[in-house]
$ cat protein-v6.pdb   # PDB, C-alpha atoms
ATOM      1  CA  MET A  14     -14.795 -15.271  -5.470
ATOM      2  CA  SER A  15     -12.771 -12.376  -4.148
ATOM      3  CA  LYS A  16     -11.826 -12.133  -0.518
ATOM      4  CA  LEU A  17     -11.130  -9.027   1.528
ATOM      5  CA  GLU A  18      -7.463 -10.086   1.590
ATOM      6  CA  ASP A  19      -7.417  -9.436  -2.180
ATOM      7  CA  ILE A  20      -8.115  -5.700  -1.839
ATOM      8  CA  VAL A  21      -5.571  -4.818   0.851
ATOM      9  CA  PRO A  22      -1.777  -5.160   1.060
ATOM     10  CA  PRO A  23      -0.419  -8.388   2.547
ATOM     11  CA  LEU A  24      -0.019  -8.730   6.300
ATOM     12  CA  GLU A  25       3.800  -8.618   6.128
ATOM     13  CA  LEU A  26       3.655  -5.170   4.514
ATOM     14  CA  CYS A  27       0.820  -3.862   6.713
ATOM     15  CA  ARG A  28       2.792  -4.776   9.832
ATOM     16  CA  ARG A  29       5.339  -2.130   8.800
ATOM     17  CA  ILE A  30       2.752   0.625   9.218
ATOM     18  CA  PRO A  31       3.761   2.638  12.307
ATOM     19  CA  ALA A  32       1.457   2.579  15.317
ATOM     20  CA  GLY A  33      -1.285   5.174  15.125
ATOM     21  CA  ARG A  34      -1.352   5.327  11.313
ATOM     22  CA  PHE A  35      -4.355   4.161   9.273
ATOM     23  CA  GLU A  36      -6.339   3.667  12.493
ATOM     24  CA  GLU A  37      -9.430   4.898  10.668
ATOM     25  CA  SER A  38      -9.151   2.129   8.039
ATOM     26  CA  ALA A  39     -12.385   0.229   7.626
ATOM     27  CA  LEU A  40     -10.555  -3.103   7.540
ATOM     28  CA  ALA A  41      -7.905  -4.682   9.733
ATOM     29  CA  TRP A  42      -5.799  -7.795   9.870
ATOM     30  CA  GLY A  43      -6.774  -9.991  12.817
ATOM     31  CA  ARG A  44      -5.864 -13.373  14.226
ATOM     32  CA  ASP A  45      -8.184 -16.290  14.851
ATOM     33  CA  VAL A  46      -7.372 -17.055  18.483
ATOM     34  CA  ASN A  47      -8.381 -20.713  18.167
ATOM     35  CA  GLU A  48      -6.654 -21.512  14.866
ATOM     36  CA  GLY A  49      -3.879 -18.898  14.864
ATOM     37  CA  GLU A  50      -4.617 -17.908  11.245
ATOM     38  CA  PHE A  51      -4.662 -14.310  10.029
ATOM     39  CA  PHE A  52      -7.633 -12.765   8.238
ATOM     40  CA  VAL A  53      -9.079  -9.427   7.121
ATOM     41  CA  TYR A  54     -12.417  -8.291   8.517
ATOM     42  CA  PRO A  55     -14.174  -4.997   9.173
ATOM     43  CA  ARG A  56     -12.292  -3.336  12.030
ATOM     44  CA  GLU A  57     -15.281  -3.334  14.380
ATOM     45  CA  ASP A  58     -15.626  -7.136  14.061
ATOM     46  CA  ILE A  59     -12.078  -7.918  15.251
ATOM     47  CA  ILE A  60     -11.073  -8.344  18.876
ATOM     48  CA  ASP A  61      -7.374  -9.118  18.300
ATOM     49  CA  ILE A  62      -6.258  -6.518  15.707
ATOM     50  CA  VAL A  63      -2.790  -7.278  14.382
ATOM     51  CA  SER A  64      -2.499  -4.396  11.910
ATOM     52  CA  PRO A  65      -4.623  -1.965   9.917
ATOM     53  CA  ALA A  66      -5.471  -3.228   6.414
ATOM     54  CA  PRO A  67      -5.908  -0.062   4.333
ATOM     55  CA  THR A  68      -7.616  -0.209   0.951
ATOM     56  CA  LEU A  69      -6.261   1.499  -2.147
ATOM     57  CA  ALA A  70      -8.633   4.440  -1.677
ATOM     58  CA  GLU A  71      -7.515   4.908   1.952
ATOM     59  CA  ILE A  72      -3.831   4.826   0.986
ATOM     60  CA  LEU A  73      -4.262   7.196  -1.958
ATOM     61  CA  ALA A  74      -6.027   9.652   0.360
ATOM     62  CA  LYS A  75      -2.855   9.744   2.499
ATOM     63  CA  LEU A  76      -0.437  10.270  -0.394
ATOM     64  CA  PRO A  77       0.415  13.862  -1.297
ATOM     65  CA  ALA A  78      -0.390  14.986  -4.835
ATOM     66  CA  ALA A  79       3.221  16.134  -5.262
ATOM     67  CA  ILE A  80       6.596  15.827  -3.562
ATOM     68  CA  ASN A  81       8.318  19.132  -2.767
ATOM     69  CA  GLY A  82       5.693  20.821  -4.903
ATOM     70  CA  VAL A  83       6.713  18.886  -8.002
ATOM     71  CA  GLY A  84       5.301  15.820  -9.697
ATOM     72  CA  VAL A  85       2.002  14.128 -10.235
ATOM     73  CA  LEU A  86       0.796  10.986  -8.518
ATOM     74  CA  GLU A  87      -0.091   8.356 -11.117
ATOM     75  CA  LEU A  88      -1.644   4.910 -10.938
ATOM     76  CA  ALA A  89      -1.647   2.870 -14.139
ATOM     77  CA  LEU A  90      -1.758  -0.665 -15.464
ATOM     78  CA  ASP A  91       1.705  -1.533 -16.786
ATOM     79  CA  ASP A  92       1.376  -3.356 -20.077
ATOM     80  CA  ARG A  93       4.616  -2.119 -21.635
ATOM     81  CA  ALA A  94       6.495  -5.383 -21.163
ATOM     82  CA  GLU A  95       5.202  -8.914 -21.406
ATOM     83  CA  ASN A  96       6.561  -9.888 -17.986
ATOM     84  CA  ASN A  97       4.858  -6.864 -16.353
ATOM     85  CA  ALA A  98       1.412  -7.421 -17.888
ATOM     86  CA  GLY A  99      -1.280  -7.001 -15.267
ATOM     87  CA  ARG A 100       0.948  -5.190 -12.779
ATOM     88  CA  TYR A 101      -0.250  -1.895 -11.368
ATOM     89  CA  VAL A 102       2.295   0.889 -11.229
ATOM     90  CA  ILE A 103       2.053   3.838  -8.880
ATOM     91  CA  CYS A 104       4.579   6.601  -9.057
ATOM     92  CA  TYR A 105       5.310  10.262  -8.863
ATOM     93  CA  ASN A 106       5.763  11.367 -12.462
ATOM     94  CA  ARG A 107       8.833  13.533 -13.027
ATOM     95  CA  TYR A 108       7.671  15.625 -16.000
ATOM     96  CA  GLY A 109       9.694  18.816 -15.911
ATOM     97  CA  VAL A 110      11.629  17.861 -12.784
ATOM     98  CA  ASP A 111      15.314  18.730 -12.806
ATOM     99  CA  SER A 112      17.953  16.188 -11.833
ATOM    100  CA  ALA A 113      18.383  17.735  -8.378
ATOM    101  CA  LEU A 114      14.956  16.386  -7.410
ATOM    102  CA  GLU A 115      15.349  12.910  -8.898
ATOM    103  CA  GLU A 116      15.871  11.327  -5.498
ATOM    104  CA  THR A 117      12.366  12.448  -4.512
ATOM    105  CA  THR A 118      10.707  10.287  -7.162
ATOM    106  CA  GLN A 119       9.704   6.692  -6.687
ATOM    107  CA  LEU A 120       7.947   3.986  -8.670
ATOM    108  CA  GLU A 121       6.315   0.913  -7.151
ATOM    109  CA  SER A 122       4.498  -1.913  -8.914
ATOM    110  CA  ASP A 123       2.535  -4.972  -7.885
ATOM    111  CA  ASN A 124      -0.372  -7.110  -9.075
ATOM    112  CA  ASN A 125      -2.345  -5.572  -6.185
ATOM    113  CA  PRO A 126      -2.587  -1.767  -6.558
ATOM    114  CA  ALA A 127      -3.052  -1.333  -2.783
ATOM    115  CA  THR A 128       0.286  -3.068  -2.214
ATOM    116  CA  ALA A 129       2.069  -0.774  -4.682
ATOM    117  CA  ALA A 130       0.448   2.281  -3.072
ATOM    118  CA  LEU A 131       1.393   1.224   0.476
ATOM    119  CA  ARG A 132       4.999   0.625  -0.589
ATOM    120  CA  LEU A 133       5.087   4.182  -1.958
ATOM    121  CA  TRP A 134       3.540   5.545   1.265
ATOM    122  CA  LEU A 135       6.127   3.666   3.363
ATOM    123  CA  TRP A 136       8.917   5.048   1.162
ATOM    124  CA  LEU A 137       7.617   8.583   1.640
ATOM    125  CA  LYS A 138       7.589   8.061   5.408
ATOM    126  CA  GLY A 139      11.213   6.878   5.323
ATOM    127  CA  ILE A 140      10.383   3.338   6.363
ATOM    128  CA  GLU A 141      12.970   1.089   4.754
ATOM    129  CA  LYS A 142      12.020  -1.844   2.566
TER     130      LYS A 142
END

$ encode --input "protein-v6.pdb" --output "structure tokens"
Amino acid sequence: MSKLEDIVPPLELCRRIPAGRFEESALAWGRDVNEGEFFVYPREDIIDIVSPAPTLAEILAKLPAAINGVGVLELALDDRAENNAGRYVICYNRYGVDSALEETTQLESDNNPATAALRLWLWLKGIEK
């Protein structure tokens, strides 16, 4: 059975979200005060919020459709190579982009599409890996 933790990026990545961002996310990472374990619950059910836990839809809503007016945001299942089977890829496609704009493109992949999307969002915000 799936858990809420399966549809959001991991806590380590969510902790890199700057304060004040994704505050409207429906889910959040919290801490069980008695056991000290981390969990994902609806935001309104958590007293000790550690970090927002944005879903793929919430992250995609924050990503621009293009960078510097060029490119297309894409999310796909990468089945091109055997070792990448089942990995989701999110990127800004560079069709028609000249080499001067190459540094504005980025590709992220992960088995969890929300994780790949959040990595791309963090890259766009200039938050180092």

$ resolve_selection --input "protein-v6.pdb" --expression "the PyMOL selection byres ((chain A and resi 47-51) around 10)" --output "PyMOL selection string"
chain A and resi 18+24+42-46+52-54+62-63

$ residues_around --input "protein-v6.pdb" --residues "A:Val102" --least-positions-apart "5" --cutoff "6 Å" --atoms "all atoms listed in the file" --output "PyMOL selection string"
chain A and resi 88-89+121-122

$ resolve_selection --input "protein-v6.pdb" --expression "the PyMOL selection byres ((chain A and resi 87) around 6)" --output "MDAnalysis selection string"
chainID A and resid 86 88 103:104

$ residues_around --input "protein-v6.pdb" --residues "A:Pro67" --least-positions-apart "4" --cutoff "7 Å" --atoms "all atoms listed in the file" --output "PyMOL selection string"
chain A and resi 21+35+38+40+71-72

$ closest_residue --input "protein-v6.pdb" --among "A:Pro65, A:Pro55, A:Pro31, A:Pro23" --to "A:Thr128" --atoms "all atoms listed in the file"
A:Pro23

$ residues_around --input "protein-v6.pdb" --residues "A:Pro126" --least-positions-apart "3" --cutoff "7 Å" --atoms "only C-alpha atoms" --output "PyMOL selection string"
chain A and resi 69+101+123+129-130

$ write_last_selection --input "protein-v6.pdb" --atoms "C-alpha atoms" --output "tab-separated table (two decimals), in the coordinates of the input"
chain	number	residue	atom	x	y	z
A	69	LEU	CA	-6.26	1.50	-2.15
A	101	TYR	CA	-0.25	-1.90	-11.37
A	123	ASP	CA	2.54	-4.97	-7.88
A	129	ALA	CA	2.07	-0.77	-4.68
A	130	ALA	CA	0.45	2.28	-3.07

$ axis_aligned_box --input "protein-v6.pdb" --around "stretch 130-137 of chain A" --padding-each-side "5 Å" --output "AutoDock Vina command-line options"
--center_x 4.7 --center_y 4.6 --center_z 0.1 --size_x 18.5 --size_y 18.0 --size_z 16.4

$ atom_distance --input "protein-v6.pdb" --atom1 "atom CA of A:Leu137" --atom2 "atom CA of A:Ala39"
22.5 Å

$ closest_residue --input "protein-v6.pdb" --among "A:Thr68, A:Glu36, A:Arg28, A:Arg56" --to "A:Leu135" --atoms "all atoms listed in the file"
A:Arg28

$ atom_distance --input "protein-v6.pdb" --atom1 "atom CA of A:Asp58" --atom2 "atom CA of A:Asn124"
27.7 Å

$ residues_near_point --input "protein-v6.pdb" --point "(9.5, -1.0, 5.8)" --cutoff "12 Å" --atoms "only C-alpha atoms" --output "JSON, numbers by chain"
{"A": [25, 26, 27, 28, 29, 30, 31, 131, 132, 133, 134, 135, 136, 137, 138, 139, 140, 141, 142]}

$ atom_distance --input "protein-v6.pdb" --atom1 "atom CA of A:Ala32" --atom2 "atom CA of A:Asp61"
15.0 Å

$ decode --input "protein-v6.pdb" --residues "stretch 33-46 of chain A" --atoms "all heavy atoms" --output "compact mmCIF listing (two decimals), in the first residue's frame"
# COMPACT_ATOMS: atom_id res chain seq x y z
N GLY A 33 9.13 30.04 3.71
CA GLY A 33 8.10 30.82 3.04
C GLY A 33 7.68 30.27 1.69
O GLY A 33 6.71 30.75 1.11
N ARG A 34 8.37 29.27 1.18
CA ARG A 34 8.02 28.67 -0.11
C ARG A 34 7.21 27.40 0.12
O ARG A 34 7.43 26.69 1.07
CB ARG A 34 9.27 28.33 -0.93
CG ARG A 34 10.15 29.53 -1.22
CD ARG A 34 9.39 30.55 -2.08
NE ARG A 34 10.21 31.66 -2.46
CZ ARG A 34 10.72 31.81 -3.67
NH1 ARG A 34 10.48 30.94 -4.61
NH2 ARG A 34 11.47 32.86 -3.93
N PHE A 35 6.28 27.13 -0.75
CA PHE A 35 5.40 25.97 -0.68
C PHE A 35 4.61 25.90 0.63
O PHE A 35 4.23 24.83 1.08
CB PHE A 35 6.18 24.66 -0.90
CG PHE A 35 6.67 24.49 -2.31
CD1 PHE A 35 8.00 24.74 -2.63
CD2 PHE A 35 5.81 24.11 -3.32
CE1 PHE A 35 8.46 24.60 -3.93
CE2 PHE A 35 6.25 23.96 -4.63
CZ PHE A 35 7.59 24.21 -4.92
N GLU A 36 4.35 27.06 1.23
CA GLU A 36 3.57 27.09 2.47
C GLU A 36 2.12 26.68 2.25
O GLU A 36 1.44 26.29 3.19
CB GLU A 36 3.63 28.47 3.11
CG GLU A 36 4.95 28.74 3.78
CD GLU A 36 4.95 30.04 4.56
OE1 GLU A 36 4.05 30.87 4.35
OE2 GLU A 36 5.86 30.21 5.37
N GLU A 37 1.66 26.75 1.00
CA GLU A 37 0.29 26.37 0.71
C GLU A 37 0.17 24.89 0.37
O GLU A 37 -0.92 24.39 0.07
CB GLU A 37 -0.27 27.21 -0.45
CG GLU A 37 0.33 26.88 -1.81
CD GLU A 37 1.75 27.41 -2.03
OE1 GLU A 37 2.29 28.16 -1.19
OE2 GLU A 37 2.33 27.06 -3.06
N SER A 38 1.27 24.15 0.42
CA SER A 38 1.24 22.71 0.14
C SER A 38 0.27 22.01 1.08
O SER A 38 0.21 22.32 2.27
CB SER A 38 2.62 22.08 0.30
OG SER A 38 3.49 22.54 -0.69
N ALA A 39 -0.46 21.07 0.54
CA ALA A 39 -1.45 20.34 1.33
C ALA A 39 -0.80 19.42 2.35
O ALA A 39 -1.37 19.12 3.40
CB ALA A 39 -2.36 19.53 0.42
N LEU A 40 0.43 18.98 2.05
CA LEU A 40 1.12 18.04 2.93
C LEU A 40 2.37 18.69 3.52
O LEU A 40 2.90 19.65 2.96
CB LEU A 40 1.52 16.78 2.15
CG LEU A 40 0.39 16.03 1.46
CD1 LEU A 40 0.96 14.90 0.59
CD2 LEU A 40 -0.59 15.49 2.48
N ALA A 41 2.83 18.13 4.63
CA ALA A 41 4.06 18.62 5.25
C ALA A 41 4.75 17.46 5.96
O ALA A 41 4.12 16.48 6.36
CB ALA A 41 3.75 19.73 6.25
N TRP A 42 6.07 17.60 6.06
CA TRP A 42 6.84 16.68 6.87
C TRP A 42 6.74 17.14 8.32
O TRP A 42 6.87 18.32 8.61
CB TRP A 42 8.31 16.69 6.46
CG TRP A 42 8.61 15.89 5.24
CD1 TRP A 42 8.74 16.36 3.97
CD2 TRP A 42 8.82 14.48 5.17
NE1 TRP A 42 9.01 15.32 3.11
CE2 TRP A 42 9.07 14.16 3.82
CE3 TRP A 42 8.81 13.46 6.12
CZ2 TRP A 42 9.32 12.85 3.41
CZ3 TRP A 42 9.07 12.17 5.70
CH2 TRP A 42 9.31 11.87 4.36
N GLY A 43 6.48 16.20 9.22
CA GLY A 43 6.40 16.51 10.64
C GLY A 43 7.23 15.52 11.43
O GLY A 43 7.78 14.57 10.88
N ARG A 44 7.31 15.75 12.73
CA ARG A 44 8.08 14.87 13.60
C ARG A 44 7.18 14.38 14.72
O ARG A 44 6.46 15.16 15.34
CB ARG A 44 9.27 15.61 14.18
CG ARG A 44 10.13 14.73 15.06
CD ARG A 44 11.21 15.47 15.84
NE ARG A 44 11.55 16.76 15.34
CZ ARG A 44 12.75 17.09 14.85
NH1 ARG A 44 13.70 16.21 14.79
NH2 ARG A 44 12.99 18.32 14.46
N ASP A 45 7.22 13.08 14.95
CA ASP A 45 6.51 12.50 16.09
C ASP A 45 7.31 12.86 17.34
O ASP A 45 8.44 12.40 17.52
CB ASP A 45 6.41 10.98 15.93
CG ASP A 45 5.61 10.35 17.05
OD1 ASP A 45 5.81 10.71 18.22
OD2 ASP A 45 4.79 9.47 16.74
N VAL A 46 6.75 13.71 18.18
CA VAL A 46 7.46 14.20 19.36
C VAL A 46 7.88 13.07 20.28
O VAL A 46 8.97 13.08 20.83
CB VAL A 46 6.58 15.23 20.12
CG1 VAL A 46 7.30 15.73 21.36
CG2 VAL A 46 6.20 16.38 19.21
